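So this block is protein19.csv, CSV, C-alpha atoms:
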```csv
chain,number,residue,atom,x,y,z
N,370,MET,CA,0.0,0.0,0.0
N,371,ALA,CA,2.9,2.4,0.7
N,372,PHE,CA,4.0,1.9,-2.9
N,373,ILE,CA,0.7,3.3,-4.3
N,374,THR,CA,1.0,6.3,-2.0
N,375,ALA,CA,4.5,7.0,-3.2
N,376,PHE,CA,3.0,7.7,-6.6
N,377,GLY,CA,0.4,10.1,-5.3
N,378,CYS,CA,0.5,13.8,-6.2
N,379,PRO,CA,3.1,15.5,-4.0
N,380,ILE,CA,1.6,18.9,-4.6
N,381,TYR,CA,-1.7,17.7,-3.3
N,382,SER,CA,-0.1,16.0,-0.3
N,383,ALA,CA,1.8,19.2,0.6
N,384,ALA,CA,-1.4,21.2,0.3
N,385,THR,CA,-3.3,19.0,2.7
N,386,ASN,CA,-0.7,19.7,5.4
N,387,ALA,CA,-0.7,23.4,4.9
N,388,GLU,CA,-3.6,25.9,4.5
N,389,PRO,CA,-6.7,24.8,2.7
N,390,VAL,CA,-6.7,25.0,-1.1
N,391,LYS,CA,-8.8,27.8,-2.4
N,392,SER,CA,-11.4,26.2,-4.6
N,393,ASN,CA,-13.3,29.4,-5.5
N,394,VAL,CA,-10.5,30.6,-7.8
N,395,GLN,CA,-11.4,31.1,-11.4
N,396,LEU,CA,-8.6,30.2,-13.8
N,397,THR,CA,-8.3,31.7,-17.3
N,398,ASP,CA,-8.4,29.4,-20.3
N,399,LYS,CA,-4.7,29.9,-20.8
N,400,GLN,CA,-4.0,28.9,-17.2
N,401,VAL,CA,-6.2,25.8,-17.5
N,402,LYS,CA,-4.4,24.7,-20.7
N,403,GLU,CA,-1.0,25.2,-19.1
N,404,LEU,CA,-2.0,23.2,-16.0
N,405,ALA,CA,-3.6,20.5,-18.2
N,406,LYS,CA,-0.4,20.1,-20.2
N,407,LEU,CA,1.8,19.9,-17.0
N,408,HIS,CA,-0.6,17.4,-15.4
N,409,LYS,CA,-0.7,15.3,-18.6
N,410,ASP,CA,3.1,15.3,-18.8
N,411,ILE,CA,3.4,14.2,-15.2
N,412,LEU,CA,0.7,11.5,-15.7
N,413,ASN,CA,2.6,10.2,-18.8
N,414,LYS,CA,5.9,10.1,-16.9
N,415,LYS,CA,4.3,8.3,-14.0
N,416,LYS,CA,2.8,5.7,-16.4
N,417,GLU,CA,6.2,5.2,-18.0
N,418,LEU,CA,7.7,4.7,-14.5
N,419,ILE,CA,5.1,2.2,-13.5
N,420,SER,CA,5.6,0.3,-16.8
N,421,LYS,CA,9.3,0.1,-16.1
N,422,TYR,CA,8.6,-1.4,-12.6
N,423,VAL,CA,6.4,-4.0,-14.3
N,424,ASP,CA,9.0,-4.7,-17.0
N,425,TYR,CA,11.7,-5.2,-14.2
N,426,GLY,CA,9.4,-7.5,-12.2
N,427,VAL,CA,9.0,-5.2,-9.3
N,428,LEU,CA,5.3,-5.0,-9.9
N,429,SER,CA,2.9,-7.6,-11.4
N,430,GLU,CA,1.2,-6.5,-14.6
N,431,GLU,CA,-2.1,-6.6,-12.8
N,432,LYS,CA,-0.8,-4.3,-10.0
N,433,GLY,CA,0.7,-1.9,-12.6
N,434,LYS,CA,-2.6,-1.7,-14.5
N,435,LYS,CA,-4.4,-1.0,-11.2
N,436,ILE,CA,-2.0,1.8,-10.3
N,437,ILE,CA,-2.2,3.4,-13.8
N,438,SER,CA,-6.0,3.1,-13.7
N,439,ARG,CA,-6.1,4.9,-10.4
N,440,MET,CA,-3.8,7.7,-11.7
N,441,GLU,CA,-6.0,8.1,-14.8
N,442,ARG,CA,-9.2,8.4,-12.7
N,443,ARG,CA,-7.5,11.0,-10.5
N,444,TYR,CA,-6.4,12.9,-13.7
N,445,LYS,CA,-10.0,12.8,-15.0
N,446,LYS,CA,-11.4,14.1,-11.8
N,447,LEU,CA,-8.8,16.9,-11.8
N,448,GLU,CA,-9.8,17.7,-15.4
N,449,GLN,CA,-13.5,17.8,-14.4
N,450,ASN,CA,-12.6,20.3,-11.6
N,451,GLY,CA,-10.9,22.6,-14.1
N,452,PHE,CA,-7.5,21.6,-12.7
N,453,ILE,CA,-8.2,23.2,-9.3
N,454,LEU,CA,-7.2,20.9,-6.5
N,455,LYS,CA,-10.1,19.8,-4.3
N,456,ARG,CA,-9.5,18.6,-0.8
N,457,GLU,CA,-11.5,15.5,0.0
N,458,LYS,CA,-11.8,13.6,3.2
N,459,PRO,CA,-9.8,10.4,3.0
N,460,LYS,CA,-11.7,7.2,2.7
N,461,THR,CA,-11.6,4.9,5.7
N,462,ARG,CA,-10.2,1.5,5.0
N,463,GLN,CA,-11.8,-1.6,6.4
```
Do you think you could lay out the structure here as structure tokens?
Amino acid sequence: MAFITAFGCPIYSAATNAEPVKSNVQLTDKQVKELAKLHKDILNKKKELISKYVDYGVLSEEKGKKIISRMERRYKKLEQNGFILKREKPKTRQ
């Protein structure tokens, strides 16, 4: 489980420990496009990294696909929010 956490968004993690993220900010189209490109680049690099771990046998193919799927869902949610970080309550594990 710590492995998946290691591939979380460090910006979001840092923001949760500091002051709350301002979600009422309106970004311009240019700002949204710039953030979208940066997030997409980061997503692609992380996917490449996970693929290497799968290739080297550190992760199973199933685990790699699961991690990538989770990262893609997180990206889609960020995209739906206009690339403004949203603080959510962590899910409790059972």
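The spacing separating atom CA of Lys445 of chain N from atom CA of Lys406 of chain N amounts to 13.1 Å.
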I'd like the interatomic distance between atom CA of Lys446 of chain N and atom CA of Val394 of chain N, to a tenth of an Å.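 Computed distance, atom CA of Lys446 of chain N to atom CA of Val394 of chain N, equals 17.0 Å.
A straight line drawn from atom CA of Ile411 of chain N to atom CA of Lys399 of chain N is 18.5 Å long.
Take the candidates N:His408, N:Lys402, N:Lys455, N:Lys415 and check each one against Ile436 of chain N using all atoms listed in the file; the shortest distance goes to N:Lys415.
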Under the rule that all atoms listed in the file are counted, which of N:Tyr444, N:Gly433, N:Asp398, N:Gly451 is the nearest residue to Asp410 of chain N?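 Among N:Tyr444, N:Gly433, N:Asp398, N:Gly451, it is N:Tyr444 that comes nearest to Asp410 of chain N.
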Selection: 10 Å around Lys391 of chain N, only C-alpha atoms, excl. self and same-chain fewer than 4 positions, as a PDB file with C-alpha atoms, in the coordinates of the input:
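Written output follows (part.pdb):
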```
ATOM      1  CA  GLN N 395     -11.400  31.100 -11.400  1.00  0.00           C
ATOM      2  CA  ILE N 453      -8.200  23.200  -9.300  1.00  0.00           C
ATOM      3  CA  LEU N 454      -7.200  20.900  -6.500  1.00  0.00           C
ATOM      4  CA  LYS N 455     -10.100  19.800  -4.300  1.00  0.00           C
ATOM      5  CA  ARG N 456      -9.500  18.600  -0.800  1.00  0.00           C
TER       6      ARG N 456
END
```
Give me the residues near segment 416-420 of chain N as a list in words, where near means some atom within 10 Å (using all atoms listed in the file) and where sequence neighbours in that chain fewer than 3 positions away do not count. Phe376, Asp410, Ile411, Leu412, Asn413, Val423, Asp424, Tyr425, Gly426, Val427, Leu428, Ser429, Glu430, Lys432, Gly433, Lys434, Ile436, Ile437, Ser438, Met440 and Glu441 of chain N
